[in-house]
Structures are given as C-alpha cells and as structure tokens.
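> Got a structure for you, written out below as structure tokens; questions coming shortly.
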Amino acid sequence: MTQGTNPFESLQSQIDDAAAYLDVEDDVIERLKHPERVLETNLTVEMDDGSLERFKAFRSQFNGDRGPYKGGIRYHPQVSRDEVKALSGWMTYKTATVDIPLGGGKGGIIIDPAEYSESELERITRAFAKELRPLIGEDRDVPAPDVNTGQREMNWIKDTYETLENTTEPGVITGKNLASGGSEGRVEATGRSTVIAAREAFDYLDKDLEGATVAVQGYGNAGWIAAKLIDEMGATVVAASDSSGGIYNPDGFDPVAAKNHKNETGSVVGYEESEEEITNEDVLTMDVDLLIPAALENAIDADLAEDVQADVISEAANGPLTPDADAVLEDKDVFVIPDILANAGGVTVSYFEWVQNRQRFYWSEERVNEELEDHIVDAFDSLVETIEEHDIANPRTATYVVAIQRVADSFEEAGSFP
C-alpha cells in the first residue's frame, strides 16, 4: 500500500486515459477534471468536559450537470481536501455510469470518531450540518453516509436542517433509517452491487462462479455483505481482513459467523473457523478467483500489483488501486471491475430513497433489489459494449468513456451561461 499517491491526481489520470477514446473537446475535458466548488470550514465544538475543540471539515461539489450533487460524508483522520475532491469526482462518474440523474459531491471531517462520545459526535455532526445548510437541499446537494458514518449521523443532519429551515424535507439526505424516511435495501446495496457486477464479469469471461474462491480485504459494511452474498451465490470465501489483520481457511468459512465474531471482539482475527492468521497484504495477493478490496483508497500500488494473483477484482472500496497498479494488472490480464460501477449500489439505492422521499411513496425491499439489479446489469452491458466497440483493454477506462460522455453531453446540450 502507498500513502504517497494523491487520489485527486489519480482521478485526473483516469479521466485523461478515457479522453483518448472520446470525441470531446480538450477544454470540456479540462472542466470535467476539477470540482465546481469546495467548502472548507472549521467546526469549533464543546466537548463533554466543557473544553472547545476545532475540527476541519470539507464538502466538494464536483459536477451538477446531470442533477443535484450526490455523495457521502466520511469521518476519518486521513480526510483531506484532495481526497474529498477525488471522491466527489468519482461520484460524478459513478452516477453517470449507472445513468441516474444526479451529479457528484463528497464531504468529510478530519476526526477519529472512536475517540469521542456519542454526545460529542452528535454536536460535531450538527455543527457540520449547520455549515452545510446553505449548500444542501433535495434539489441542490444530497449527502449520504460514508466511512465511519451511518444512519445515526444522517438522521442528525436531517433533523438539524429541517429544524433550521422550519420544514419537512426527508430528501435532503439519504442513508437514513426507515423511521426517518430511509429505503429498504440501502444497508446491503454497496455489497450487493459489488457481487452483481462480479457475477456479470464471471459470465462475460466464461468463468464459473459456483465454487470460485474469494478474498475480501476490509470487513466493514460493504465487505462483509459482499462476502455473505457471494457465498449465497455459491462461491467460497477463503480469506477476509480488517484493520487488525486477516483470517484464512482454504476450505472456506461462514462469512456471517465471521462478522458476528468481529462484532463481539472488534476484529475478524481469532475467528474459530480460521486456520491461519494473515496480513492485509496477504489477502490482497492471495491466489483466488475473485478479490474484493473493500477498505480505503490506494490499497494496491504498482509494487503490490505485481504480486496480485486474482483473476477478477471487484472494487467495493473507492479508489483501491493506484493508476500505476491498474497498468500492471492490465498487463497481467486481471479483469478489474472499477469502483464507479462495482460499488455504485450505494448511490443507486440512495437515488431510490431520494425518489421515494420526493413522492412520499415507499417501495418494498424486493422492488429495490430488482431495480438495483437492472441498473447494475445495464451498466455492465454498457461497459462490455464500449470495450468491444473501442477495443479497450482496461475495463476502468471503458467505464470512464461511458460516464464522461454522458456528463459531457449534458453540459454541451445545456449550453453555456455567462
């Protein structure tokens, strides 16, 4: 893993790679490589002991050509301005990949939430919501959960916004719990799209998913749900890891039981069905049919990519491969399903939630999952058509060709307002 790769530069490199296959003017491409605006704010919040603490926070609105800005809010010590800009760009092309009428945004606070009480986190979240208030709204910018945030934080943001605006507007944010206007199927959506995309890739490559071996790096929400669902499809999960380390059993193990162990102990390490404790790097380089990186960005750099042995990679995380790693894996004929397709289930079901909020009419989980399946399968079909039409070896580049063309078309058809 490399800490030196700038994620925003990675995004721009990916756009440049795709632009070579597009009939889009250079000045338009240049516009599509930068956010429209970035909020940087300092939150000063009272702690439980009465002291004041300052937190730096960001919100990047990358592109709104196709609809309101859309993207999560993460709480993590490594949050930075460039990371948030990159993530908002990836979200722009993610929403375009699955062809939903939204743009791209992202936000974050530089914080380790494990170091703060629930009441402190609530005050920090509400302070951020107050700063976001002029920017967000169901027709302007719709945040959602991301790393270390979830339904609780989204409910706090919704309540703060509605209280200050003296309104009822559940569509101002997605990823809420059901009682606050959330959608059925939202919790499983990212992991579900990751495995749907993997299933389609195995079919395209004429590989059998039944009995295929799987390694999952990162056992948070997306990772463990992907493990559970791929196991239900007949594959065998043989390795998994979290920030504390990894577990391995060549005969496979129960992904749900491993998650229960993590809930009880804080880590998958020590799970009784594991035959061997391994490192995160071991998981990423294991000889398996399918690798699911589901942690943070830049997990695999060029050096580590040389040791990757998986045949297919489905990116549950955002930006888990550096551009140099992509090039190495392309030379090794590893089929990489890019994050902007593989993990697009989260934003797709967030879109469904937003639609339900606007209509005040809510869907069953069965309908949500069926609609999600249609969007991911259609997106994968568009990827395959683009690969074959342009003879593109790298699936990521082909996906960006589809997405950038859709955003560029929206911009050019709208005309330019001085």
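Residues in the structure tokens are named by chain (A, B, ... in the order shown) and by number from 1 within that chain; ligands are numbered from 1 in the order shown.
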Do a neighbour search on Gly105 of chain A at 6 Å with only C-alpha atoms, toss out local chain neighbours closer than 2 positions, and write the hits as a list in words.
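The filter keeps Ser60, Gln61, Phe62, Tyr69, Lys70, Gly71 and Ser88 of chain A.
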> If we count only C-alpha atoms and set the cut-off at 10 Å, which residues sit around Val98 of chain A, ignoring sequence neighbours fewer than 5 positions away in its own chain? Please answer as a PyMOL selection string.
chain A and resi 93+340-341+344-345+347-348+372+374-380+382+402-403
> Would you write out those residues with N, CA and C atoms, as a PDB file, in the first residue's frame?

```
ATOM      1  N   TYR A  93     -18.832  10.460 -11.822  1.00  0.00           N
ATOM      2  CA  TYR A  93     -18.783   9.474 -12.903  1.00  0.00           C
ATOM      3  C   TYR A  93     -19.458   8.164 -12.501  1.00  0.00           C
ATOM      4  N   ILE A 340     -16.506   2.771  -9.759  1.00  0.00           N
ATOM      5  CA  ILE A 340     -17.645   3.577 -10.187  1.00  0.00           C
ATOM      6  C   ILE A 340     -18.766   2.732 -10.783  1.00  0.00           C
ATOM      7  N   LEU A 341     -18.508   1.448 -10.989  1.00  0.00           N
ATOM      8  CA  LEU A 341     -19.559   0.511 -11.367  1.00  0.00           C
ATOM      9  C   LEU A 341     -19.824  -0.468 -10.221  1.00  0.00           C
ATOM     10  N   ALA A 344     -21.438   1.005  -7.039  1.00  0.00           N
ATOM     11  CA  ALA A 344     -22.456   2.025  -7.310  1.00  0.00           C
ATOM     12  C   ALA A 344     -23.816   1.686  -6.718  1.00  0.00           C
ATOM     13  N   GLY A 345     -23.950   0.516  -6.098  1.00  0.00           N
ATOM     14  CA  GLY A 345     -25.225   0.166  -5.477  1.00  0.00           C
ATOM     15  C   GLY A 345     -25.633   1.135  -4.394  1.00  0.00           C
ATOM     16  N   VAL A 347     -25.054   4.459  -4.101  1.00  0.00           N
ATOM     17  CA  VAL A 347     -25.646   5.695  -4.611  1.00  0.00           C
ATOM     18  C   VAL A 347     -26.913   5.404  -5.413  1.00  0.00           C
ATOM     19  N   THR A 348     -26.997   4.221  -6.026  1.00  0.00           N
ATOM     20  CA  THR A 348     -28.199   3.894  -6.780  1.00  0.00           C
ATOM     21  C   THR A 348     -29.400   3.755  -5.849  1.00  0.00           C
ATOM     22  N   LEU A 372     -32.231  -2.246  -8.513  1.00  0.00           N
ATOM     23  CA  LEU A 372     -30.776  -2.177  -8.419  1.00  0.00           C
ATOM     24  C   LEU A 372     -30.127  -3.161  -9.386  1.00  0.00           C
ATOM     25  N   ASP A 374     -31.274  -4.283 -12.184  1.00  0.00           N
ATOM     26  CA  ASP A 374     -31.412  -3.776 -13.549  1.00  0.00           C
ATOM     27  C   ASP A 374     -30.365  -2.710 -13.852  1.00  0.00           C
ATOM     28  N   HIS A 375     -30.159  -1.780 -12.919  1.00  0.00           N
ATOM     29  CA  HIS A 375     -29.200  -0.696 -13.158  1.00  0.00           C
ATOM     30  C   HIS A 375     -27.768  -1.219 -13.269  1.00  0.00           C
ATOM     31  N   ILE A 376     -27.383  -2.149 -12.405  1.00  0.00           N
ATOM     32  CA  ILE A 376     -26.003  -2.643 -12.434  1.00  0.00           C
ATOM     33  C   ILE A 376     -25.770  -3.509 -13.674  1.00  0.00           C
ATOM     34  N   VAL A 377     -26.723  -4.357 -14.014  1.00  0.00           N
ATOM     35  CA  VAL A 377     -26.583  -5.194 -15.218  1.00  0.00           C
ATOM     36  C   VAL A 377     -26.513  -4.320 -16.462  1.00  0.00           C
ATOM     37  N   ASP A 378     -27.367  -3.302 -16.549  1.00  0.00           N
ATOM     38  CA  ASP A 378     -27.329  -2.389 -17.704  1.00  0.00           C
ATOM     39  C   ASP A 378     -25.984  -1.666 -17.781  1.00  0.00           C
ATOM     40  N   ALA A 379     -25.460  -1.253 -16.626  1.00  0.00           N
ATOM     41  CA  ALA A 379     -24.172  -0.557 -16.610  1.00  0.00           C
ATOM     42  C   ALA A 379     -23.058  -1.491 -17.057  1.00  0.00           C
ATOM     43  N   PHE A 380     -23.098  -2.740 -16.630  1.00  0.00           N
ATOM     44  CA  PHE A 380     -22.070  -3.692 -17.052  1.00  0.00           C
ATOM     45  C   PHE A 380     -22.187  -3.963 -18.552  1.00  0.00           C
ATOM     46  N   SER A 382     -23.197  -1.873 -20.801  1.00  0.00           N
ATOM     47  CA  SER A 382     -22.620  -0.699 -21.475  1.00  0.00           C
ATOM     48  C   SER A 382     -21.098  -0.755 -21.454  1.00  0.00           C
ATOM     49  N   VAL A 402     -17.811   5.745 -21.007  1.00  0.00           N
ATOM     50  CA  VAL A 402     -19.271   5.827 -20.924  1.00  0.00           C
ATOM     51  C   VAL A 402     -19.698   7.012 -20.065  1.00  0.00           C
ATOM     52  N   ALA A 403     -19.112   7.100 -18.874  1.00  0.00           N
ATOM     53  CA  ALA A 403     -19.544   8.106 -17.903  1.00  0.00           C
ATOM     54  C   ALA A 403     -19.213   9.523 -18.348  1.00  0.00           C
TER      55      ALA A 403
END
```
> Would you pick out the contacts of segment 249-255 of chain A at 6 Å or less, using only C-alpha atoms, so that residues sharing its chain but fewer than 5 positions from it are not included, and give the list as a list in words?
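So the residues in contact are Ala227, Lys228, Thr236, Val237, Val238, Ser274 and Glu275 of chain A.
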> Take the residues just selected and output them with C-alpha atoms as a PDB file, in the first residue's frame.

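Wrote again-v1.pdb, looks like this:
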```pdb
ATOM      1  CA  ALA A 227     -18.876 -11.844   1.367  1.00  0.00           C
ATOM      2  CA  LYS A 228     -22.291 -13.021   2.547  1.00  0.00           C
ATOM      3  CA  THR A 236     -16.308 -19.877  -1.360  1.00  0.00           C
ATOM      4  CA  VAL A 237     -14.921 -17.084   0.825  1.00  0.00           C
ATOM      5  CA  VAL A 238     -11.467 -18.262   1.916  1.00  0.00           C
ATOM      6  CA  SER A 274      -9.753 -19.610  10.553  1.00  0.00           C
ATOM      7  CA  GLU A 275      -6.835 -21.978  10.034  1.00  0.00           C
TER       8      GLU A 275
END
```
> Go through A:Ile387, A:Phe128, A:Gly319, A:Arg406 one by one, measure the shortest atom-to-atom distance of each to Val45 of chain A using only C-alpha atoms, and give the residue with the smallest value.
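When distances to Val45 of chain A are compared using only C-alpha atoms, the smallest one comes from A:Phe128.
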> Would you kindly return, as a list in words, each protein, DNA or RNA residue with an atom no farther than 7 Å from any atom of Ile337 of chain A, considering only C-alpha atoms and excluding same-chain residues fewer than 6 positions away?
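Returned residues: Ile313, Ser314, Glu315, Pro395 and Arg396 of chain A.
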> For the alpha helix (DSSP H) assignment from backbone DSSP, which residues of segment 211-260 of chain A qualify? Please present them as a list of chain:residue names.
A:Asn221, A:Ala222, A:Gly223, A:Trp224, A:Ile225, A:Ala226, A:Ala227, A:Lys228, A:Leu229, A:Ile230, A:Asp231, A:Glu232, A:Pro255, A:Val256, A:Ala257, A:Ala258, A:Lys259, A:Asn260
> Can you tell me, as number ranges by chain, which residues in segment 80-186 of chain A count as strand (DSSP E) by DSSP?
A: 104-110, 141-145
> For the residues selected in the previous step, produce a file with N, CA and C atoms as an mmCIF file, in the first residue's frame.

```
data_model
loop_
_atom_site.group_PDB
_atom_site.id
_atom_site.type_symbol
_atom_site.label_atom_id
_atom_site.label_comp_id
_atom_site.auth_asym_id
_atom_site.auth_seq_id
_atom_site.Cartn_x
_atom_site.Cartn_y
_atom_site.Cartn_z
ATOM 1 N N GLY A 104 -22.168 14.782 -8.623
ATOM 2 C CA GLY A 104 -21.230 14.180 -7.682
ATOM 3 C C GLY A 104 -20.758 15.164 -6.636
ATOM 4 N N GLY A 105 -20.749 14.719 -5.388
ATOM 5 C CA GLY A 105 -20.218 15.507 -4.289
ATOM 6 C C GLY A 105 -19.607 14.582 -3.256
ATOM 7 N N LYS A 106 -18.921 15.138 -2.275
ATOM 8 C CA LYS A 106 -18.365 14.343 -1.177
ATOM 9 C C LYS A 106 -17.991 15.280 -0.049
ATOM 10 N N GLY A 107 -18.056 14.763 1.176
ATOM 11 C CA GLY A 107 -17.694 15.568 2.324
ATOM 12 C C GLY A 107 -16.949 14.753 3.354
ATOM 13 N N GLY A 108 -16.346 15.435 4.303
ATOM 14 C CA GLY A 108 -15.637 14.707 5.344
ATOM 15 C C GLY A 108 -15.174 15.616 6.460
ATOM 16 N N ILE A 109 -14.938 15.013 7.615
ATOM 17 C CA ILE A 109 -14.369 15.702 8.772
ATOM 18 C C ILE A 109 -13.099 14.959 9.172
ATOM 19 N N ILE A 110 -12.035 15.707 9.463
ATOM 20 C CA ILE A 110 -10.802 15.093 9.940
ATOM 21 C C ILE A 110 -10.996 14.755 11.416
ATOM 22 N N ASP A 141 -27.978 19.569 -3.247
ATOM 23 C CA ASP A 141 -26.876 18.687 -2.833
ATOM 24 C C ASP A 141 -27.437 17.745 -1.776
ATOM 25 N N VAL A 142 -27.284 16.445 -2.010
ATOM 26 C CA VAL A 142 -27.900 15.434 -1.148
ATOM 27 C C VAL A 142 -26.805 14.531 -0.574
ATOM 28 N N PRO A 143 -26.335 14.783 0.651
ATOM 29 C CA PRO A 143 -25.303 13.936 1.261
ATOM 30 C C PRO A 143 -25.829 12.550 1.623
ATOM 31 N N ALA A 144 -24.907 11.699 2.092
ATOM 32 C CA ALA A 144 -25.214 10.306 2.431
ATOM 33 C C ALA A 144 -24.105 9.800 3.354
ATOM 34 N N PRO A 145 -24.228 8.574 3.879
ATOM 35 C CA PRO A 145 -23.167 8.033 4.730
ATOM 36 C C PRO A 145 -21.938 7.621 3.920
#
```
> Please provide the set of residues having any atom within 8 Å of Ala86 of chain A, restricted to only C-alpha atoms, with same-chain residues fewer than 4 positions apart removed, written as a list in words.
Pro7, Phe8, Glu9, Ser10, Leu11, Asp82 and Trp90 of chain A
> Could you write out the selected residues, including C-alpha atoms, as a PDB file, in the first residue's frame?

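As written to disk, part_38.pdb reads:
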```
ATOM      1  CA  PRO A   7      -6.172  10.451  -5.066  1.00  0.00           C
ATOM      2  CA  PHE A   8      -7.151  13.619  -6.942  1.00  0.00           C
ATOM      3  CA  GLU A   9      -4.252  13.130  -9.343  1.00  0.00           C
ATOM      4  CA  SER A  10      -5.354   9.505  -9.757  1.00  0.00           C
ATOM      5  CA  LEU A  11      -8.833  10.676 -10.755  1.00  0.00           C
ATOM      6  CA  ASP A  82      -7.647  16.414  -2.243  1.00  0.00           C
ATOM      7  CA  TRP A  90     -15.538   9.555  -8.674  1.00  0.00           C
TER       8      TRP A  90
END
```
> May I ask which of the residues A:Tyr161, A:Phe202, A:Phe417, A:Tyr271 is the closest one to Ile247 of chain A, counting only C-alpha atoms?
A:Tyr271
> Between A:Met154, A:Ile124, A:Ala398, A:Ala316, which residue has the minimum interatomic distance to Asn221 of chain A, considering only C-alpha atoms?
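Closest to Asn221 of chain A, using only C-alpha atoms: A:Ala316.
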> One number please: atom CA of Ser193 of chain A to atom CA of Asp206 of chain A, in Å, one decimal.
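These atoms are spaced 19.7 Å apart.
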> A:Pro320, A:Gly218, A:Gly50, A:Gly415: which is nearest Leu87 of chain A, counting only C-alpha atoms?
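With only C-alpha atoms as the atom set, the closest residue is A:Pro320.
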> Rounded to one decimal place, report the atom CA of Glu169 of chain A-atom CA of Glu188 of chain A distance in Å.
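It comes out at 24.3 Å.
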> Between atom CA of Val28 of chain A and atom CA of Leu102 of chain A, what is the distance in Å, rounded to a tenth?
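Pair atom CA of Val28 of chain A / atom CA of Leu102 of chain A returns 19.0 Å.
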> Hey, what's within 9 Å of Arg358 of chain A if we count only C-alpha atoms and toss same-chain stuff fewer than 3 positions away? As a PyMOL selection string, please?
chain A and resi 138+169-171+353-355+361
> What does the file look like for those residues with N, CA and C atoms, as a tab-separated table (two decimals), in the first residue's frame?

```tsv
chain	number	residue	atom	x	y	z
A	138	GLU	N	-32.80	19.02	-1.28
A	138	GLU	CA	-33.14	17.90	-2.14
A	138	GLU	C	-32.99	18.21	-3.63
A	169	GLU	N	-38.25	17.90	4.97
A	169	GLU	CA	-37.59	17.64	3.69
A	169	GLU	C	-36.72	16.39	3.82
A	170	PRO	N	-37.35	15.20	3.88
A	170	PRO	CA	-36.55	13.98	4.07
A	170	PRO	C	-35.56	13.73	2.95
A	171	GLY	N	-35.82	14.27	1.75
A	171	GLY	CA	-34.92	14.07	0.62
A	171	GLY	C	-33.66	14.89	0.67
A	353	GLU	N	-34.03	6.08	-2.67
A	353	GLU	CA	-34.53	6.68	-1.43
A	353	GLU	C	-34.98	8.11	-1.67
A	354	TRP	N	-34.17	8.85	-2.41
A	354	TRP	CA	-34.49	10.24	-2.74
A	354	TRP	C	-35.80	10.32	-3.53
A	355	VAL	N	-35.98	9.43	-4.50
A	355	VAL	CA	-37.22	9.38	-5.27
A	355	VAL	C	-38.41	9.09	-4.36
A	361	PHE	N	-43.84	7.98	-1.21
A	361	PHE	CA	-44.36	6.65	-1.53
A	361	PHE	C	-43.19	5.68	-1.47
```
